[in-house]
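Asker: This structure is in structure tokens; I'll ask about it shortly.
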Amino acid sequence: MTGEPRKIPGVVAPPPLIYGVPLLAGILLDRVHHWPALRSPAGHVVGPILVALGLLAIPAILAFRRAGTSPNPWRPTTALVTGGPYRISRNPMYVGFTFIYAGVTAWVDTMWPLLALPAVLWVMYVGVIRREEAYLEQRFGDEYRRYKASVRRWL
């Protein structure tokens with residue numbers, strides 16, 4: 001490293017890919033060997049509710065747009081977004097993705113993606129969130145540290 005400030009967070013992969021690949025793999029594996037998660041029709045109620053809660057990601061994306069910065073972690077950040085759902089969570093998009101992941105899993109009634117969820121969350125924490133936090137602290141300094149101290153990471 002040259003000691004120069006990073007221009008982007010340097011995440012390991014796009015978060016939708018980190019969530020989407022294991023979810024899809026689990027659903028495909030379920031087609032080969034069905035392993036029901038709920039063993040009841042409750043998934044057809046719980047699943048859509050969780051997916052709807054996951055739509056929290058939409059206002060989070062809109063907050064980035066209003067601030068004039070990209071929500072994509074592989075692009076430079078030009079503004080610190082602290083309004084809208086970011087008043088409640090530092091990562092409302094990722095909370096939304098997690099709800100969608102769990103909701104789809106319940107809806108299609110398969111256990112396989114649930115087995116991968118801890119690994120997904122670990123990759124998100126180590127490969128995305130910690131890198132974004134270091135980048136934002138470098139980029140926005142005390143302003144980000146104050147925000148970080150006042151708002152929870154998840155919920």
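Residue numbers start at 1 in each chain; chains themselves are named A, B, ... in the order of the structure tokens; ligands are numbered from 1 in the order shown.
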Which residues are near A:Gly54? Cut-off 12 Å, only C-alpha atoms, ignore same chain within fewer than 2 positions. Put them as a PDB file with all heavy atoms, in the first residue's frame.
Answerer:
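As written to disk, part-v1.pdb reads:
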```pdb
ATOM      1  N   GLY A  47     -43.212 -15.806   3.967  1.00  0.00           N
ATOM      2  CA  GLY A  47     -42.294 -15.434   2.889  1.00  0.00           C
ATOM      3  C   GLY A  47     -42.604 -14.087   2.271  1.00  0.00           C
ATOM      4  O   GLY A  47     -41.736 -13.200   2.239  1.00  0.00           O
ATOM      5  N   PRO A  48     -43.826 -13.872   1.779  1.00  0.00           N
ATOM      6  CA  PRO A  48     -44.147 -12.571   1.195  1.00  0.00           C
ATOM      7  C   PRO A  48     -44.028 -11.407   2.187  1.00  0.00           C
ATOM      8  O   PRO A  48     -43.637 -10.304   1.804  1.00  0.00           O
ATOM      9  CB  PRO A  48     -45.588 -12.737   0.706  1.00  0.00           C
ATOM     10  CG  PRO A  48     -45.744 -14.197   0.483  1.00  0.00           C
ATOM     11  CD  PRO A  48     -44.887 -14.856   1.526  1.00  0.00           C
ATOM     12  N   ILE A  49     -44.339 -11.666   3.462  1.00  0.00           N
ATOM     13  CA  ILE A  49     -44.204 -10.602   4.468  1.00  0.00           C
ATOM     14  C   ILE A  49     -42.739 -10.211   4.609  1.00  0.00           C
ATOM     15  O   ILE A  49     -42.396  -9.021   4.633  1.00  0.00           O
ATOM     16  CB  ILE A  49     -44.808 -11.040   5.823  1.00  0.00           C
ATOM     17  CG1 ILE A  49     -46.334 -11.134   5.713  1.00  0.00           C
ATOM     18  CG2 ILE A  49     -44.389 -10.087   6.942  1.00  0.00           C
ATOM     19  CD1 ILE A  49     -47.011 -11.784   6.902  1.00  0.00           C
ATOM     20  N   LEU A  50     -41.845 -11.201   4.694  1.00  0.00           N
ATOM     21  CA  LEU A  50     -40.413 -10.911   4.813  1.00  0.00           C
ATOM     22  C   LEU A  50     -39.883 -10.213   3.556  1.00  0.00           C
ATOM     23  O   LEU A  50     -39.082  -9.281   3.654  1.00  0.00           O
ATOM     24  CB  LEU A  50     -39.625 -12.188   5.091  1.00  0.00           C
ATOM     25  CG  LEU A  50     -39.824 -12.808   6.473  1.00  0.00           C
ATOM     26  CD1 LEU A  50     -39.132 -14.169   6.556  1.00  0.00           C
ATOM     27  CD2 LEU A  50     -39.311 -11.875   7.552  1.00  0.00           C
ATOM     28  N   VAL A  51     -40.328 -10.659   2.397  1.00  0.00           N
ATOM     29  CA  VAL A  51     -39.903 -10.002   1.154  1.00  0.00           C
ATOM     30  C   VAL A  51     -40.368  -8.548   1.154  1.00  0.00           C
ATOM     31  O   VAL A  51     -39.609  -7.638   0.795  1.00  0.00           O
ATOM     32  CB  VAL A  51     -40.419 -10.757  -0.090  1.00  0.00           C
ATOM     33  CG1 VAL A  51     -40.206  -9.946  -1.360  1.00  0.00           C
ATOM     34  CG2 VAL A  51     -39.725 -12.113  -0.214  1.00  0.00           C
ATOM     35  N   ALA A  52     -41.606  -8.310   1.594  1.00  0.00           N
ATOM     36  CA  ALA A  52     -42.118  -6.934   1.657  1.00  0.00           C
ATOM     37  C   ALA A  52     -41.286  -6.093   2.622  1.00  0.00           C
ATOM     38  O   ALA A  52     -40.957  -4.939   2.324  1.00  0.00           O
ATOM     39  CB  ALA A  52     -43.592  -6.934   2.066  1.00  0.00           C
ATOM     40  N   LEU A  56     -37.366  -2.432   2.233  1.00  0.00           N
ATOM     41  CA  LEU A  56     -36.685  -1.326   2.926  1.00  0.00           C
ATOM     42  C   LEU A  56     -35.502  -0.829   2.100  1.00  0.00           C
ATOM     43  O   LEU A  56     -35.096   0.320   2.229  1.00  0.00           O
ATOM     44  CB  LEU A  56     -36.094  -1.829   4.245  1.00  0.00           C
ATOM     45  CG  LEU A  56     -36.938  -1.879   5.485  1.00  0.00           C
ATOM     46  CD1 LEU A  56     -36.175  -2.592   6.590  1.00  0.00           C
ATOM     47  CD2 LEU A  56     -37.302  -0.478   5.919  1.00  0.00           C
ATOM     48  N   ALA A  57     -34.964  -1.705   1.308  1.00  0.00           N
ATOM     49  CA  ALA A  57     -33.805  -1.343   0.491  1.00  0.00           C
ATOM     50  C   ALA A  57     -34.157  -0.226  -0.496  1.00  0.00           C
ATOM     51  O   ALA A  57     -33.286   0.578  -0.843  1.00  0.00           O
ATOM     52  CB  ALA A  57     -33.289  -2.574  -0.260  1.00  0.00           C
ATOM     53  N   ILE A  58     -35.389  -0.133  -0.927  1.00  0.00           N
ATOM     54  CA  ILE A  58     -35.767   0.875  -1.923  1.00  0.00           C
ATOM     55  C   ILE A  58     -35.634   2.302  -1.374  1.00  0.00           C
ATOM     56  O   ILE A  58     -34.973   3.129  -2.003  1.00  0.00           O
ATOM     57  CB  ILE A  58     -37.170   0.592  -2.500  1.00  0.00           C
ATOM     58  CG1 ILE A  58     -37.132  -0.708  -3.312  1.00  0.00           C
ATOM     59  CG2 ILE A  58     -37.655   1.758  -3.356  1.00  0.00           C
ATOM     60  CD1 ILE A  58     -38.481  -1.220  -3.744  1.00  0.00           C
ATOM     61  N   PRO A  59     -36.221   2.619  -0.198  1.00  0.00           N
ATOM     62  CA  PRO A  59     -36.007   3.978   0.328  1.00  0.00           C
ATOM     63  C   PRO A  59     -34.525   4.268   0.606  1.00  0.00           C
ATOM     64  O   PRO A  59     -34.086   5.413   0.509  1.00  0.00           O
ATOM     65  CB  PRO A  59     -36.830   4.026   1.615  1.00  0.00           C
ATOM     66  CG  PRO A  59     -37.757   2.881   1.556  1.00  0.00           C
ATOM     67  CD  PRO A  59     -37.183   1.882   0.618  1.00  0.00           C
ATOM     68  N   ALA A  60     -33.761   3.247   0.945  1.00  0.00           N
ATOM     69  CA  ALA A  60     -32.327   3.444   1.187  1.00  0.00           C
ATOM     70  C   ALA A  60     -31.622   3.850  -0.107  1.00  0.00           C
ATOM     71  O   ALA A  60     -30.805   4.772  -0.118  1.00  0.00           O
ATOM     72  CB  ALA A  60     -31.714   2.171   1.761  1.00  0.00           C
ATOM     73  N   PRO A  92     -29.299  -0.202   5.912  1.00  0.00           N
ATOM     74  CA  PRO A  92     -30.669  -0.644   5.631  1.00  0.00           C
ATOM     75  C   PRO A  92     -30.803  -1.443   4.334  1.00  0.00           C
ATOM     76  O   PRO A  92     -31.682  -2.302   4.240  1.00  0.00           O
ATOM     77  CB  PRO A  92     -31.470   0.658   5.569  1.00  0.00           C
ATOM     78  CG  PRO A  92     -30.465   1.715   5.249  1.00  0.00           C
ATOM     79  CD  PRO A  92     -29.187   1.256   5.893  1.00  0.00           C
ATOM     80  N   MET A  93     -29.932  -1.200   3.359  1.00  0.00           N
ATOM     81  CA  MET A  93     -30.004  -2.016   2.139  1.00  0.00           C
ATOM     82  C   MET A  93     -29.684  -3.471   2.458  1.00  0.00           C
ATOM     83  O   MET A  93     -30.355  -4.380   1.976  1.00  0.00           O
ATOM     84  CB  MET A  93     -29.034  -1.497   1.068  1.00  0.00           C
ATOM     85  CG  MET A  93     -29.582  -0.339   0.288  1.00  0.00           C
ATOM     86  SD  MET A  93     -28.514   0.066  -1.094  1.00  0.00           S
ATOM     87  CE  MET A  93     -27.710   1.516  -0.453  1.00  0.00           C
ATOM     88  N   TYR A  94     -28.675  -3.684   3.280  1.00  0.00           N
ATOM     89  CA  TYR A  94     -28.266  -5.043   3.612  1.00  0.00           C
ATOM     90  C   TYR A  94     -29.277  -5.716   4.528  1.00  0.00           C
ATOM     91  O   TYR A  94     -29.503  -6.926   4.417  1.00  0.00           O
ATOM     92  CB  TYR A  94     -26.866  -5.058   4.220  1.00  0.00           C
ATOM     93  CG  TYR A  94     -25.839  -4.365   3.340  1.00  0.00           C
ATOM     94  CD1 TYR A  94     -24.711  -3.779   3.877  1.00  0.00           C
ATOM     95  CD2 TYR A  94     -26.032  -4.262   1.959  1.00  0.00           C
ATOM     96  CE1 TYR A  94     -23.776  -3.136   3.079  1.00  0.00           C
ATOM     97  CE2 TYR A  94     -25.109  -3.616   1.150  1.00  0.00           C
ATOM     98  CZ  TYR A  94     -23.982  -3.056   1.719  1.00  0.00           C
ATOM     99  OH  TYR A  94     -23.069  -2.413   0.922  1.00  0.00           O
ATOM    100  N   VAL A  95     -29.919  -4.942   5.391  1.00  0.00           N
ATOM    101  CA  VAL A  95     -31.014  -5.482   6.197  1.00  0.00           C
ATOM    102  C   VAL A  95     -32.140  -5.916   5.256  1.00  0.00           C
ATOM    103  O   VAL A  95     -32.693  -7.014   5.385  1.00  0.00           O
ATOM    104  CB  VAL A  95     -31.532  -4.440   7.218  1.00  0.00           C
ATOM    105  CG1 VAL A  95     -32.815  -4.909   7.893  1.00  0.00           C
ATOM    106  CG2 VAL A  95     -30.458  -4.142   8.267  1.00  0.00           C
ATOM    107  N   GLY A  96     -32.446  -5.072   4.280  1.00  0.00           N
ATOM    108  CA  GLY A  96     -33.475  -5.409   3.298  1.00  0.00           C
ATOM    109  C   GLY A  96     -33.125  -6.653   2.508  1.00  0.00           C
ATOM    110  O   GLY A  96     -33.969  -7.541   2.320  1.00  0.00           O
ATOM    111  N   PHE A  97     -31.880  -6.756   2.050  1.00  0.00           N
ATOM    112  CA  PHE A  97     -31.450  -7.949   1.307  1.00  0.00           C
ATOM    113  C   PHE A  97     -31.597  -9.203   2.172  1.00  0.00           C
ATOM    114  O   PHE A  97     -31.977 -10.271   1.678  1.00  0.00           O
ATOM    115  CB  PHE A  97     -29.994  -7.831   0.862  1.00  0.00           C
ATOM    116  CG  PHE A  97     -29.723  -6.781  -0.179  1.00  0.00           C
ATOM    117  CD1 PHE A  97     -28.410  -6.401  -0.448  1.00  0.00           C
ATOM    118  CD2 PHE A  97     -30.727  -6.158  -0.902  1.00  0.00           C
ATOM    119  CE1 PHE A  97     -28.119  -5.448  -1.406  1.00  0.00           C
ATOM    120  CE2 PHE A  97     -30.446  -5.197  -1.855  1.00  0.00           C
ATOM    121  CZ  PHE A  97     -29.142  -4.847  -2.104  1.00  0.00           C
ATOM    122  N   THR A  98     -31.295  -9.078   3.467  1.00  0.00           N
ATOM    123  CA  THR A  98     -31.397 -10.228   4.367  1.00  0.00           C
ATOM    124  C   THR A  98     -32.855 -10.648   4.531  1.00  0.00           C
ATOM    125  O   THR A  98     -33.164 -11.849   4.507  1.00  0.00           O
ATOM    126  CB  THR A  98     -30.752  -9.908   5.729  1.00  0.00           C
ATOM    127  OG1 THR A  98     -29.390  -9.509   5.513  1.00  0.00           O
ATOM    128  CG2 THR A  98     -30.787 -11.115   6.657  1.00  0.00           C
ATOM    129  N   PHE A  99     -33.763  -9.674   4.673  1.00  0.00           N
ATOM    130  CA  PHE A  99     -35.184 -10.010   4.751  1.00  0.00           C
ATOM    131  C   PHE A  99     -35.664 -10.670   3.460  1.00  0.00           C
ATOM    132  O   PHE A  99     -36.424 -11.640   3.495  1.00  0.00           O
ATOM    133  CB  PHE A  99     -36.031  -8.765   5.033  1.00  0.00           C
ATOM    134  CG  PHE A  99     -36.128  -8.392   6.483  1.00  0.00           C
ATOM    135  CD1 PHE A  99     -35.768  -7.116   6.903  1.00  0.00           C
ATOM    136  CD2 PHE A  99     -36.592  -9.291   7.432  1.00  0.00           C
ATOM    137  CE1 PHE A  99     -35.864  -6.749   8.236  1.00  0.00           C
ATOM    138  CE2 PHE A  99     -36.696  -8.935   8.773  1.00  0.00           C
ATOM    139  CZ  PHE A  99     -36.324  -7.664   9.171  1.00  0.00           C
ATOM    140  N   ILE A 100     -35.244 -10.153   2.325  1.00  0.00           N
ATOM    141  CA  ILE A 100     -35.646 -10.746   1.041  1.00  0.00           C
ATOM    142  C   ILE A 100     -35.128 -12.176   0.941  1.00  0.00           C
ATOM    143  O   ILE A 100     -35.857 -13.096   0.547  1.00  0.00           O
ATOM    144  CB  ILE A 100     -35.171  -9.876  -0.140  1.00  0.00           C
ATOM    145  CG1 ILE A 100     -35.959  -8.562  -0.164  1.00  0.00           C
ATOM    146  CG2 ILE A 100     -35.308 -10.629  -1.460  1.00  0.00           C
ATOM    147  CD1 ILE A 100     -35.407  -7.506  -1.108  1.00  0.00           C
ATOM    148  N   TYR A 101     -33.876 -12.386   1.301  1.00  0.00           N
ATOM    149  CA  TYR A 101     -33.266 -13.721   1.277  1.00  0.00           C
ATOM    150  C   TYR A 101     -34.078 -14.692   2.137  1.00  0.00           C
ATOM    151  O   TYR A 101     -34.438 -15.785   1.689  1.00  0.00           O
ATOM    152  CB  TYR A 101     -31.835 -13.602   1.796  1.00  0.00           C
ATOM    153  CG  TYR A 101     -30.988 -14.845   1.712  1.00  0.00           C
ATOM    154  CD1 TYR A 101     -30.026 -14.976   0.724  1.00  0.00           C
ATOM    155  CD2 TYR A 101     -31.100 -15.872   2.645  1.00  0.00           C
ATOM    156  CE1 TYR A 101     -29.214 -16.090   0.649  1.00  0.00           C
ATOM    157  CE2 TYR A 101     -30.302 -16.995   2.579  1.00  0.00           C
ATOM    158  CZ  TYR A 101     -29.354 -17.101   1.590  1.00  0.00           C
ATOM    159  OH  TYR A 101     -28.560 -18.211   1.522  1.00  0.00           O
ATOM    160  N   ALA A 102     -34.366 -14.287   3.380  1.00  0.00           N
ATOM    161  CA  ALA A 102     -35.134 -15.147   4.285  1.00  0.00           C
ATOM    162  C   ALA A 102     -36.557 -15.342   3.769  1.00  0.00           C
ATOM    163  O   ALA A 102     -37.111 -16.449   3.870  1.00  0.00           O
ATOM    164  CB  ALA A 102     -35.149 -14.548   5.692  1.00  0.00           C
ATOM    165  N   GLY A 103     -37.144 -14.300   3.216  1.00  0.00           N
ATOM    166  CA  GLY A 103     -38.506 -14.399   2.701  1.00  0.00           C
ATOM    167  C   GLY A 103     -38.627 -15.338   1.518  1.00  0.00           C
ATOM    168  O   GLY A 103     -39.548 -16.160   1.458  1.00  0.00           O
ATOM    169  N   VAL A 104     -37.709 -15.233   0.586  1.00  0.00           N
ATOM    170  CA  VAL A 104     -37.737 -16.144  -0.571  1.00  0.00           C
ATOM    171  C   VAL A 104     -37.526 -17.575  -0.102  1.00  0.00           C
ATOM    172  O   VAL A 104     -38.193 -18.510  -0.562  1.00  0.00           O
ATOM    173  CB  VAL A 104     -36.688 -15.721  -1.635  1.00  0.00           C
ATOM    174  CG1 VAL A 104     -36.530 -16.800  -2.698  1.00  0.00           C
ATOM    175  CG2 VAL A 104     -37.076 -14.389  -2.264  1.00  0.00           C
TER     176      VAL A 104
END
```
Asker: Run DSSP on the backbone and tell me which residues of stretch 5-154 of chain A come out as alpha helix (DSSP H); list them as JSON, numbers by chain.
Answerer: {"A": [15, 16, 17, 18, 19, 20, 21, 22, 23, 24, 25, 26, 27, 28, 29, 30, 31, 32, 43, 44, 45, 46, 47, 48, 49, 50, 51, 52, 53, 54, 57, 58, 59, 60, 61, 62, 63, 64, 65, 66, 67, 92, 93, 94, 95, 96, 97, 98, 99, 100, 101, 102, 103, 104, 105, 106, 107, 108, 112, 113, 114, 115, 116, 117, 118, 119, 120, 121, 122, 123, 130, 131, 132, 133, 134, 135, 136, 137, 138, 139, 140, 142, 143, 144, 145, 146, 147, 148, 149, 150]}
Asker: When you count only C-alpha atoms, which of these residues is closest to A:Leu155: A:Leu17, A:Val128, A:Ala67, A:Ile88?
Answerer: A:Ile88
Asker: Could you list, as number ranges by chain, every residue within 10 Å of A:Val81, counting only C-alpha atoms and ignoring same-chain residues fewer than 4 positions away?
Answerer: A: 60, 63-69, 71, 77, 85-87, 90, 144, 147
Asker: Tell me, as a list of chain:residue names, which residues lie within 8 Å of A:Arg153, counting only C-alpha atoms; anything in the same chain fewer than 5 positions away does not count.
Answerer: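 That gives A:Ser89, A:Arg90, A:Asn91, A:Lys148.
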Asker: Take the residues just selected and output them with all heavy atoms as a PDB file, in the first residue's frame.
Answerer:
```pdb
ATOM      1  N   SER A  89     -30.614   2.586  10.755  1.00  0.00           N
ATOM      2  CA  SER A  89     -29.614   1.553  10.491  1.00  0.00           C
ATOM      3  C   SER A  89     -28.534   2.112   9.574  1.00  0.00           C
ATOM      4  O   SER A  89     -28.845   2.841   8.634  1.00  0.00           O
ATOM      5  CB  SER A  89     -30.282   0.351   9.806  1.00  0.00           C
ATOM      6  OG  SER A  89     -29.323  -0.554   9.315  1.00  0.00           O
ATOM      7  N   ARG A  90     -27.275   1.745   9.843  1.00  0.00           N
ATOM      8  CA  ARG A  90     -26.205   2.163   8.944  1.00  0.00           C
ATOM      9  C   ARG A  90     -26.205   1.333   7.659  1.00  0.00           C
ATOM     10  O   ARG A  90     -25.568   1.704   6.686  1.00  0.00           O
ATOM     11  CB  ARG A  90     -24.840   2.030   9.638  1.00  0.00           C
ATOM     12  CG  ARG A  90     -24.691   2.980  10.802  1.00  0.00           C
ATOM     13  CD  ARG A  90     -23.263   3.141  11.273  1.00  0.00           C
ATOM     14  NE  ARG A  90     -22.455   1.972  11.428  1.00  0.00           N
ATOM     15  CZ  ARG A  90     -22.211   1.351  12.586  1.00  0.00           C
ATOM     16  NH1 ARG A  90     -22.754   1.796  13.704  1.00  0.00           N
ATOM     17  NH2 ARG A  90     -21.419   0.296  12.623  1.00  0.00           N
ATOM     18  N   ASN A  91     -26.938   0.224   7.660  1.00  0.00           N
ATOM     19  CA  ASN A  91     -26.958  -0.671   6.499  1.00  0.00           C
ATOM     20  C   ASN A  91     -28.376  -1.129   6.141  1.00  0.00           C
ATOM     21  O   ASN A  91     -28.637  -2.329   6.048  1.00  0.00           O
ATOM     22  CB  ASN A  91     -26.079  -1.901   6.790  1.00  0.00           C
ATOM     23  CG  ASN A  91     -24.638  -1.538   6.952  1.00  0.00           C
ATOM     24  OD1 ASN A  91     -24.007  -1.080   6.019  1.00  0.00           O
ATOM     25  ND2 ASN A  91     -24.113  -1.721   8.157  1.00  0.00           N
ATOM     26  N   LYS A 148     -21.604   6.955  13.131  1.00  0.00           N
ATOM     27  CA  LYS A 148     -21.399   5.552  13.504  1.00  0.00           C
ATOM     28  C   LYS A 148     -21.690   5.330  14.992  1.00  0.00           C
ATOM     29  O   LYS A 148     -22.268   4.300  15.366  1.00  0.00           O
ATOM     30  CB  LYS A 148     -19.955   5.175  13.167  1.00  0.00           C
ATOM     31  CG  LYS A 148     -19.607   3.743  13.332  1.00  0.00           C
ATOM     32  CD  LYS A 148     -18.178   3.544  12.806  1.00  0.00           C
ATOM     33  CE  LYS A 148     -17.566   2.295  13.331  1.00  0.00           C
ATOM     34  NZ  LYS A 148     -16.195   2.110  12.894  1.00  0.00           N
TER      35      LYS A 148
END
```
Asker: Using only C-alpha atoms, can you tell me which of A:Arg130, A:Arg146, A:Arg31, A:Arg152 comes closest to A:Pro9?
Answerer: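 Once distances to A:Pro9 are computed over only C-alpha atoms, the minimum belongs to A:Arg130.
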Asker: How far is it from atom CA of A:Ile27 to atom CA of A:Gly43, in Å with one decimal?
Answerer: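 Atom-to-atom, atom CA of A:Ile27 to atom CA of A:Gly43, that is 14.4 Å.
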Asker: Could you pull the residues within 10 Å of A:Trp74, counting only C-alpha atoms, minus those fewer than 3 positions along the same chain, as JSON, numbers by chain?
Answerer: {"A": [7, 8, 9, 10, 11, 12, 13, 14, 70, 71, 77, 132]}
Asker: May I ask which of the residues A:Trp112, A:Leu55, A:Leu80, A:Tyr19 is the closest one to A:Glu143, counting only C-alpha atoms?
Answerer: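 Under the stated criterion, the closest residue is A:Leu80.
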